[in-house]
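Undergrad: So here's target.txt, just compact mmCIF, C-alpha atoms and all ligand atoms:
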# COMPACT_ATOMS: atom_id res chain seq x y z
CA MET A 1 -26.97 -2.22 -6.18
CA THR A 2 -25.13 -2.28 -2.87
CA PRO A 3 -23.26 0.87 -1.96
CA THR A 4 -19.53 0.26 -1.72
CA LYS A 5 -18.06 0.38 1.75
CA VAL A 6 -14.45 0.72 2.73
CA ALA A 7 -12.84 -0.50 5.96
CA LEU A 8 -9.70 1.16 7.27
CA LEU A 9 -7.45 -1.18 9.21
CA GLY A 10 -4.17 -0.23 10.90
CA ILE A 11 -1.35 -2.79 10.71
CA PRO A 12 1.25 -1.45 13.17
CA TYR A 13 3.89 -4.02 12.20
CA ASP A 14 7.50 -3.23 11.33
CA ALA A 15 9.39 -6.41 12.26
CA GLY A 16 10.01 -6.91 8.53
CA SER A 17 12.10 -3.72 8.32
CA SER A 18 15.72 -4.21 7.30
CA TYR A 19 17.31 -0.88 8.17
CA GLN A 20 15.26 1.07 10.65
CA ARG A 21 12.13 0.24 12.66
CA GLY A 22 9.40 2.84 13.11
CA PRO A 23 6.47 2.26 10.72
CA ALA A 24 4.58 0.45 13.51
CA GLY A 25 3.89 3.92 14.87
CA ALA A 26 2.32 5.14 11.64
CA PRO A 27 -1.37 4.12 11.69
CA VAL A 28 -2.30 6.28 14.67
CA LEU A 29 -0.62 9.30 13.09
CA ILE A 30 -2.18 8.77 9.67
CA ARG A 31 -5.62 8.61 11.32
CA GLU A 32 -4.87 11.76 13.29
CA ALA A 33 -3.86 13.56 10.07
CA LEU A 34 -6.90 12.17 8.25
CA TRP A 35 -9.42 13.58 10.72
CA THR A 36 -7.56 16.72 11.79
CA GLU A 37 -9.69 19.81 12.15
CA ALA A 38 -7.11 21.57 10.00
CA GLY A 39 -9.01 20.12 7.04
CA ASN A 40 -12.34 18.53 6.21
CA ALA A 41 -13.43 15.05 5.20
CA TRP A 42 -14.39 15.86 1.62
CA THR A 43 -12.24 14.37 -1.12
CA GLU A 44 -11.24 15.90 -4.42
CA ALA A 45 -13.89 13.73 -6.11
CA GLY A 46 -16.61 15.39 -4.01
CA ILE A 47 -17.18 12.46 -1.68
CA ASP A 48 -17.65 13.10 2.04
CA LEU A 49 -15.69 10.45 3.95
CA LYS A 50 -18.00 11.05 6.91
CA ASP A 51 -21.07 9.91 4.96
CA GLY A 52 -21.04 6.52 6.72
CA ARG A 53 -19.37 4.43 4.04
CA LEU A 54 -15.87 4.50 5.52
CA ASP A 55 -15.55 2.29 8.61
CA ASP A 56 -12.56 2.31 10.91
CA GLU A 57 -11.69 -1.15 12.19
CA GLY A 58 -8.94 0.17 14.47
CA ASP A 59 -5.54 -1.51 14.60
CA LEU A 60 -4.39 -5.08 14.81
CA TRP A 61 -2.14 -5.65 17.80
CA PHE A 62 1.32 -7.20 17.70
CA THR A 63 4.04 -7.95 20.21
CA ASP A 64 7.72 -8.15 19.41
CA ARG A 65 7.83 -11.63 20.89
CA GLU A 66 5.36 -13.25 18.57
CA PRO A 67 6.67 -15.20 15.60
CA GLY A 68 6.32 -13.47 12.23
CA ALA A 69 4.21 -16.39 11.00
CA ASP A 70 1.57 -15.63 13.66
CA ALA A 71 1.52 -11.95 12.74
CA ARG A 72 1.16 -12.77 9.06
CA ALA A 73 -1.67 -15.22 9.75
CA ARG A 74 -3.57 -12.53 11.67
CA ILE A 75 -3.10 -9.96 8.90
CA GLU A 76 -4.37 -12.47 6.32
CA GLU A 77 -7.33 -13.35 8.53
CA ALA A 78 -8.24 -9.71 9.20
CA VAL A 79 -8.20 -8.83 5.49
CA GLY A 80 -10.33 -11.90 4.75
CA THR A 81 -12.83 -10.87 7.44
CA ILE A 82 -13.24 -7.40 5.93
CA LEU A 83 -13.88 -8.92 2.52
CA ASP A 84 -16.33 -11.44 4.06
CA SER A 85 -18.34 -8.46 5.30
CA GLY A 86 -18.60 -7.11 1.76
CA ARG A 87 -16.25 -4.18 2.33
CA ARG A 88 -12.96 -3.24 0.69
CA PRO A 89 -9.85 -3.17 2.89
CA LEU A 90 -7.70 -0.05 3.04
CA LEU A 91 -4.67 -0.88 5.17
CA LEU A 92 -2.50 1.59 7.03
CA GLY A 93 1.02 0.17 7.45
CA GLY A 94 3.31 -0.80 8.86
CA ASP A 95 6.24 -1.75 6.73
CA HIS A 96 5.92 -3.33 3.30
CA SER A 97 6.16 -6.89 4.63
CA ILE A 98 2.41 -6.67 5.43
CA THR A 99 1.48 -6.76 1.74
CA TYR A 100 2.24 -10.48 1.32
CA PRO A 101 -0.21 -11.69 3.99
CA ALA A 102 -2.69 -9.01 2.86
CA LEU A 103 -2.64 -10.49 -0.65
CA ARG A 104 -3.21 -13.96 0.77
CA GLY A 105 -6.35 -12.59 2.41
CA MET A 106 -7.39 -10.86 -0.83
CA ARG A 107 -6.89 -14.00 -2.89
CA ARG A 108 -9.61 -15.93 -1.08
CA HIS A 109 -12.18 -13.52 -2.48
CA HIS A 110 -10.49 -12.49 -5.69
CA PRO A 111 -9.29 -15.45 -7.74
CA ARG A 112 -8.34 -12.89 -10.40
CA LEU A 113 -6.37 -9.93 -9.16
CA SER A 114 -3.69 -7.56 -10.42
CA ILE A 115 -1.37 -5.44 -8.32
CA LEU A 116 -0.42 -1.85 -8.97
CA HIS A 117 2.70 -1.24 -6.89
CA LEU A 118 4.00 2.31 -6.43
CA ASP A 119 7.46 2.30 -4.86
CA ALA A 120 11.05 3.49 -5.24
CA HIS A 121 12.04 -0.16 -4.70
CA PRO A 122 10.95 -3.34 -6.47
CA ASP A 123 10.88 -5.37 -3.19
CA LEU A 124 11.58 -8.54 -5.16
CA TYR A 125 14.55 -9.98 -3.25
CA HIS A 126 14.38 -13.74 -2.83
CA GLU A 127 15.53 -13.08 0.71
CA PHE A 128 17.10 -10.10 2.45
CA GLN A 129 19.51 -10.31 5.40
CA GLY A 130 18.42 -13.94 5.74
CA ASP A 131 14.71 -13.09 6.00
CA PRO A 132 12.41 -14.23 3.17
CA PHE A 133 9.58 -12.19 4.75
CA SER A 134 11.55 -8.94 4.93
CA HIS A 135 9.95 -5.75 3.61
CA ALA A 136 12.42 -6.12 0.71
CA CYS A 137 10.77 -9.41 -0.38
CA PRO A 138 6.93 -9.31 -0.39
CA PHE A 139 6.47 -9.28 -4.15
CA ALA A 140 8.75 -12.32 -4.58
CA ARG A 141 6.51 -14.28 -2.19
CA ILE A 142 3.33 -12.97 -3.84
CA MET A 143 4.44 -13.93 -7.34
CA GLU A 144 5.80 -17.35 -6.28
CA GLU A 145 2.41 -18.20 -4.81
CA GLY A 146 0.56 -16.90 -7.83
CA LEU A 147 -1.45 -14.45 -5.70
CA ALA A 148 -1.73 -11.99 -8.59
CA GLU A 149 -1.90 -12.55 -12.29
CA ARG A 150 -0.20 -9.23 -13.04
CA LEU A 151 2.19 -7.09 -11.07
CA LEU A 152 2.81 -3.61 -12.45
CA GLN A 153 5.42 -1.53 -10.64
CA VAL A 154 5.64 2.24 -11.12
CA GLY A 155 8.25 4.66 -9.81
CA ILE A 156 11.10 2.16 -9.38
CA ARG A 157 14.57 3.70 -9.20
CA THR A 158 16.70 1.18 -7.29
CA MET A 159 16.60 -1.92 -9.49
CA THR A 160 19.47 -4.37 -8.89
CA GLY A 161 20.75 -7.22 -11.06
CA HIS A 162 19.19 -9.87 -8.82
CA GLN A 163 15.83 -8.13 -8.69
CA ARG A 164 15.88 -7.61 -12.48
CA GLU A 165 16.26 -11.42 -12.79
CA GLN A 166 13.39 -11.90 -10.35
CA ALA A 167 11.23 -9.44 -12.29
CA ASP A 168 11.94 -11.32 -15.52
CA LYS A 169 11.30 -14.68 -13.87
CA PHE A 170 7.90 -13.59 -12.54
CA GLY A 171 6.90 -11.53 -15.56
CA VAL A 172 6.73 -8.33 -13.52
CA GLU A 173 6.00 -5.20 -15.57
CA VAL A 174 8.19 -2.31 -14.46
CA ILE A 175 7.70 1.33 -15.41
CA ASP A 176 10.75 2.79 -13.76
CA MET A 177 10.88 6.40 -12.69
CA PRO A 178 12.89 7.65 -15.71
CA SER A 179 10.29 6.07 -18.03
CA TRP A 180 7.17 7.37 -16.27
CA ARG A 181 5.08 9.80 -18.30
CA ASP A 182 2.14 11.64 -16.78
CA GLY A 183 -1.16 10.64 -18.32
CA THR A 184 -0.10 7.04 -19.00
CA SER A 185 -3.30 5.05 -18.68
CA LEU A 186 -3.08 2.03 -16.43
CA ARG A 187 -5.62 -0.60 -17.43
CA PHE A 188 -6.19 -4.03 -15.96
CA GLU A 189 -8.54 -6.84 -16.98
CA THR A 190 -9.09 -7.79 -13.34
CA PRO A 191 -9.80 -6.00 -10.06
CA VAL A 192 -6.74 -4.22 -8.72
CA TYR A 193 -4.94 -4.13 -5.38
CA LEU A 194 -2.95 -0.93 -4.94
CA SER A 195 0.17 -1.11 -2.78
CA LEU A 196 1.60 2.34 -2.17
CA ASP A 197 4.99 2.73 -0.51
CA LEU A 198 5.35 6.34 0.57
CA ASP A 199 8.98 6.31 -0.58
CA VAL A 200 7.78 6.34 -4.20
CA LEU A 201 7.45 10.10 -3.59
CA GLU A 202 10.24 12.62 -3.80
CA PRO A 203 11.71 12.47 -0.26
CA GLY A 204 11.73 16.26 -0.02
CA LEU A 205 7.92 16.05 -0.14
CA ALA A 206 7.57 13.10 2.24
CA PRO A 207 10.82 12.68 4.20
CA GLY A 208 9.25 10.44 6.84
CA VAL A 209 10.34 7.12 5.34
CA SER A 210 13.12 4.69 6.25
CA HIS A 211 14.71 4.55 2.80
CA ARG A 212 14.86 7.99 1.21
CA GLU A 213 15.44 7.75 -2.53
CA PRO A 214 15.57 11.08 -4.38
CA GLY A 215 14.06 11.51 -7.81
CA GLY A 216 10.52 10.35 -7.10
CA LEU A 217 6.93 11.25 -7.90
CA THR A 218 5.27 14.40 -6.69
CA VAL A 219 2.20 14.05 -4.49
CA ARG A 220 0.13 15.39 -7.40
CA GLN A 221 1.50 12.72 -9.76
CA ALA A 222 0.70 9.95 -7.26
CA LEU A 223 -2.84 11.33 -6.82
CA GLY A 224 -3.20 11.43 -10.60
CA ILE A 225 -2.30 7.74 -10.86
CA ILE A 226 -4.86 6.83 -8.18
CA GLN A 227 -7.62 9.01 -9.63
CA SER A 228 -7.15 7.89 -13.22
CA LEU A 229 -6.92 4.15 -12.55
CA GLU A 230 -9.39 2.53 -14.93
CA SER A 231 -10.14 -0.75 -13.14
CA PRO A 232 -12.09 -1.63 -9.98
CA LEU A 233 -10.01 -1.06 -6.87
CA ALA A 234 -10.58 -4.07 -4.61
CA GLY A 235 -8.13 -3.24 -1.83
CA ALA A 236 -5.12 -1.11 -1.00
CA ASP A 237 -2.35 -0.40 1.45
CA VAL A 238 -0.30 2.71 2.25
CA VAL A 239 2.95 1.59 3.87
CA GLU A 240 6.38 2.66 5.12
CA LEU A 241 5.57 5.97 6.82
CA ASN A 242 8.25 6.17 9.51
CA PRO A 243 7.20 8.72 12.17
CA LEU A 244 10.75 8.76 13.59
CA ASN A 245 11.82 10.61 10.43
CA ASP A 246 8.75 12.85 10.35
CA PRO A 247 9.08 15.34 13.21
CA SER A 248 6.95 17.95 11.40
CA GLY A 249 4.11 15.51 10.67
CA LEU A 250 4.22 16.56 7.01
CA SER A 251 4.71 13.01 5.74
CA ALA A 252 1.76 11.80 7.83
CA ALA A 253 -0.33 14.53 6.19
CA VAL A 254 0.79 13.32 2.78
CA ALA A 255 -0.03 9.71 3.70
CA ALA A 256 -3.48 10.80 4.93
CA LYS A 257 -4.13 12.69 1.69
CA LEU A 258 -3.29 9.57 -0.32
CA VAL A 259 -5.50 7.43 1.95
CA LYS A 260 -8.34 9.91 1.44
CA GLU A 261 -8.17 9.82 -2.33
CA ILE A 262 -7.74 6.02 -2.41
CA ALA A 263 -10.89 5.70 -0.27
CA ALA A 264 -12.69 8.09 -2.63
CA ARG A 265 -11.53 6.09 -5.62
CA MET A 266 -13.04 2.94 -4.07
CA LEU A 267 -16.27 4.67 -3.02
CA ARG A 268 -16.84 6.01 -6.53
CA GLU A 269 -17.65 2.45 -7.61
CA THR A 270 -20.66 0.28 -6.94
CA SER A 271 -20.20 -3.27 -5.71
MN MN A 301 10.18 1.33 -0.92
Let's see the structure in the file written out as structure tokens.
Ligand SMILES: [Mn+2]

TA:
Amino acid sequence: MTPTKVALLGIPYDAGSSYQRGPAGAPVLIREALWTEAGNAWTEAGIDLKDGRLDDEGDLWFTDREPGADARARIEEAVGTILDSGRRPLLLGGDHSITYPALRGMRRHHPRLSILHLDAHPDLYHEFQGDPFSHACPFARIMEEGLAERLLQVGIRTMTGHQREQADKFGVEVIDMPSWRDGTSLRFETPVYLSLDLDVLEPGLAPGVSHREPGGLTVRQALGIIQSLESPLAGADVVELNPLNDPSGLSAAVAAKLVKEIAARMLRETS
């Protein structure tokens, strides 16, 4: 029995953002909040994140001049490399456009995979402002390519007519925010990739996002979903923290808390 290991990787990429840039500055701040001496490295599940099973791979590096295709190829490659080493990737975004290449990297190792997507937005646009790789589109690309056999979205509260059609076309399961009930058990027959957009939360609790959408989950509810997930967690991302809207650093602290408990959720399992 090999002990599970998790690899943190920062993806400081926000060229897929449609409204406001900024999430490229998030990984360094999430790390800072994660290891701050204001807290300790123990998780709610009683796992010490400093016990040697959580590696930090640092950040990928992007320039504004490089084509998006090159950036996506490097994200895919980096996720694949982490999986090659037998570890589970935990990605610090970045905007939500990183999830499509991340899933391409996941797919090489996980021919069967489901996605649990926590977000205020379905991110299913066929294209947005002329960009098919916008952060409003990753789940359209993922489902077109068959990178996941199930996509379950929780917390949605901005569904449009077009995205409803896309959801129907791809068989996406949507538990929108008005329908969410605490304690709902989320079961999958396959390993799961968790994609967590910070804007799924009530913006009063995590205002440091580009698209604030009131009426969201509490931090406790989001933690409950992570902690009660009943299937193996193969990989995850936490995206869309925008430090420009987070002068107090509160949202970075919330992102770090979620990262901590996602890591603990992965480390609870054996490989
Ligand atoms: Mn969102």

Undergrad: What is the atom CA of Arg268 of chain A-atom CA of Thr184 of chain A distance in Å, reported with one decimal?

TA: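 Between these atoms lies a distance of 20.9 Å.
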
Undergrad: From the set A:Ser248, A:Thr36, A:Thr43, A:Ser179, which residue has the shortest atom-to-atom contact distance to Gly216 of chain A, counting only C-alpha atoms?

TA: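 Ranked by minimum distance to Gly216 of chain A, first place goes to A:Ser179.
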
Undergrad: Grab the atom CA of Leu91 of chain A to atom CA of Arg107 of chain A distance for me, in Å with one decimal place.

TA: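 These atoms are spaced 15.6 Å apart.
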
Undergrad: Tell me, as number ranges by chain, which residues lie within 12 Å of Arg157 of chain A, counting all atoms listed in the file; anything in the same chain fewer than 5 positions away does not count.

TA: A: 118-123, 163-164, 174-180, 199-202, 212-217

Undergrad: Let me make sure I understand: among A:Ala148, A:Leu250, A:Ile262, A:Leu8, which one has the smallest atom-to-atom distance to Arg87 of chain A if we use only C-alpha atoms?

TA: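 Checking each of A:Ala148, A:Leu250, A:Ile262, A:Leu8 against Arg87 of chain A, counting only C-alpha atoms, the winner is A:Leu8.
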
Undergrad: Using only C-alpha atoms, pick whichever of A:Leu205, A:Leu244, A:Ile142, A:Ala136 has the shortest atom-to-atom distance to Met159 of chain A.

TA: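 Ranking A:Leu205, A:Leu244, A:Ile142, A:Ala136 by distance to Met159 of chain A, first place goes to A:Ala136.
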
Undergrad: Here is a test: counting all atoms listed in the file, which residue of A:Leu223, A:Leu34, A:Leu147, A:Leu194 is nearest to Val238 of chain A?

TA: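 Of A:Leu223, A:Leu34, A:Leu147, A:Leu194, the one nearest Val238 of chain A is A:Leu194, counting all atoms listed in the file.
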
Undergrad: I want to know what sits within 12 Å of Tyr100 of chain A, based on all atoms listed in the file, with residues of the same chain fewer than 3 positions away left out; could you give that as number ranges by chain?

TA: A: 16, 69, 71-73, 75-76, 79, 95-97, 103-107, 115, 123-124, 132-148, 193, 195, 237

Undergrad: Restricting the calculation to only C-alpha atoms and all ligand atoms: of A:Gly249, A:Gly68, A:Pro203, A:Pro232, which residue gets closest to ligand MN 301 (chain A)?

TA: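 The answer is A:Pro203, which sits nearest to ligand MN 301 (chain A).
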
Undergrad: Do you know which residues are at most 12 Å from Ser85 of chain A counting only C-alpha atoms, after dropping those on the same chain fewer than 5 positions away, and could you put them as a PyMOL selection string?

TA: chain A and resi 4-7+55+78-80+109

Undergrad: I'd like the interatomic distance between atom MN of ligand MN 301 (chain A) and atom CA of His117 of chain A, to a tenth of an Å.

TA: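 Pair atom MN of ligand MN 301 (chain A) / atom CA of His117 of chain A returns 9.9 Å.
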
Undergrad: My list of candidates is A:Thr190, A:Gln227, A:Thr160, A:Gln153. Which is closest to Val259 of chain A when distances are computed with all atoms listed in the file?

TA: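 Among the listed residues, the smallest separation from Val259 of chain A belongs to A:Gln227.
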
Undergrad: With all atoms listed in the file as the counted atoms, please give the residues lying no more than 7 Å from Pro23 of chain A, apart from itself and same-chain residues fewer than 5 positions off, as a ChimeraX atom specification.

TA: /A:12-14,93-95,240-243

Undergrad: Taking (-3.8, 5.6, -18.4) in the file's own coordinates, collect the residues within 10 Å, counting only C-alpha atoms, and hand them back as number ranges by chain.

TA: A: 181-187, 224-225, 228-230

Undergrad: So that I can see what lies close to Gly10 of chain A, please list as a PyMOL selection string the residues with an atom at most 8 Å from it, counting all atoms listed in the file and leaving out residues fewer than 3 positions away in the same chain.

TA: chain A and resi 27-28+57-60+91-94

Undergrad: Now that the selection is made, can you save its residues with C-alpha atoms as a PDB file, in the coordinates of the input?

TA:
ATOM      1  CA  PRO A  27      -1.370   4.120  11.690  1.00  0.00           C
ATOM      2  CA  VAL A  28      -2.300   6.280  14.670  1.00  0.00           C
ATOM      3  CA  GLU A  57     -11.690  -1.150  12.190  1.00  0.00           C
ATOM      4  CA  GLY A  58      -8.940   0.170  14.470  1.00  0.00           C
ATOM      5  CA  ASP A  59      -5.540  -1.510  14.600  1.00  0.00           C
ATOM      6  CA  LEU A  60      -4.390  -5.080  14.810  1.00  0.00           C
ATOM      7  CA  LEU A  91      -4.670  -0.880   5.170  1.00  0.00           C
ATOM      8  CA  LEU A  92      -2.500   1.590   7.030  1.00  0.00           C
ATOM      9  CA  GLY A  93       1.020   0.170   7.450  1.00  0.00           C
ATOM     10  CA  GLY A  94       3.310  -0.800   8.860  1.00  0.00           C
TER      11      GLY A  94
END

Undergrad: Around all the atoms of segment 102-115 of chain A listed in the file, with 3 Å of room on each side, what axis-aligned box do you get, giving centre and edge lengths in Å to one decimal, as lines of an AutoDock Vina configuration file?

TA:
center_x = -6.8
center_y = -10.7
center_z = -3.8
size_x = 16.8
size_y = 16.5
size_z = 19.3
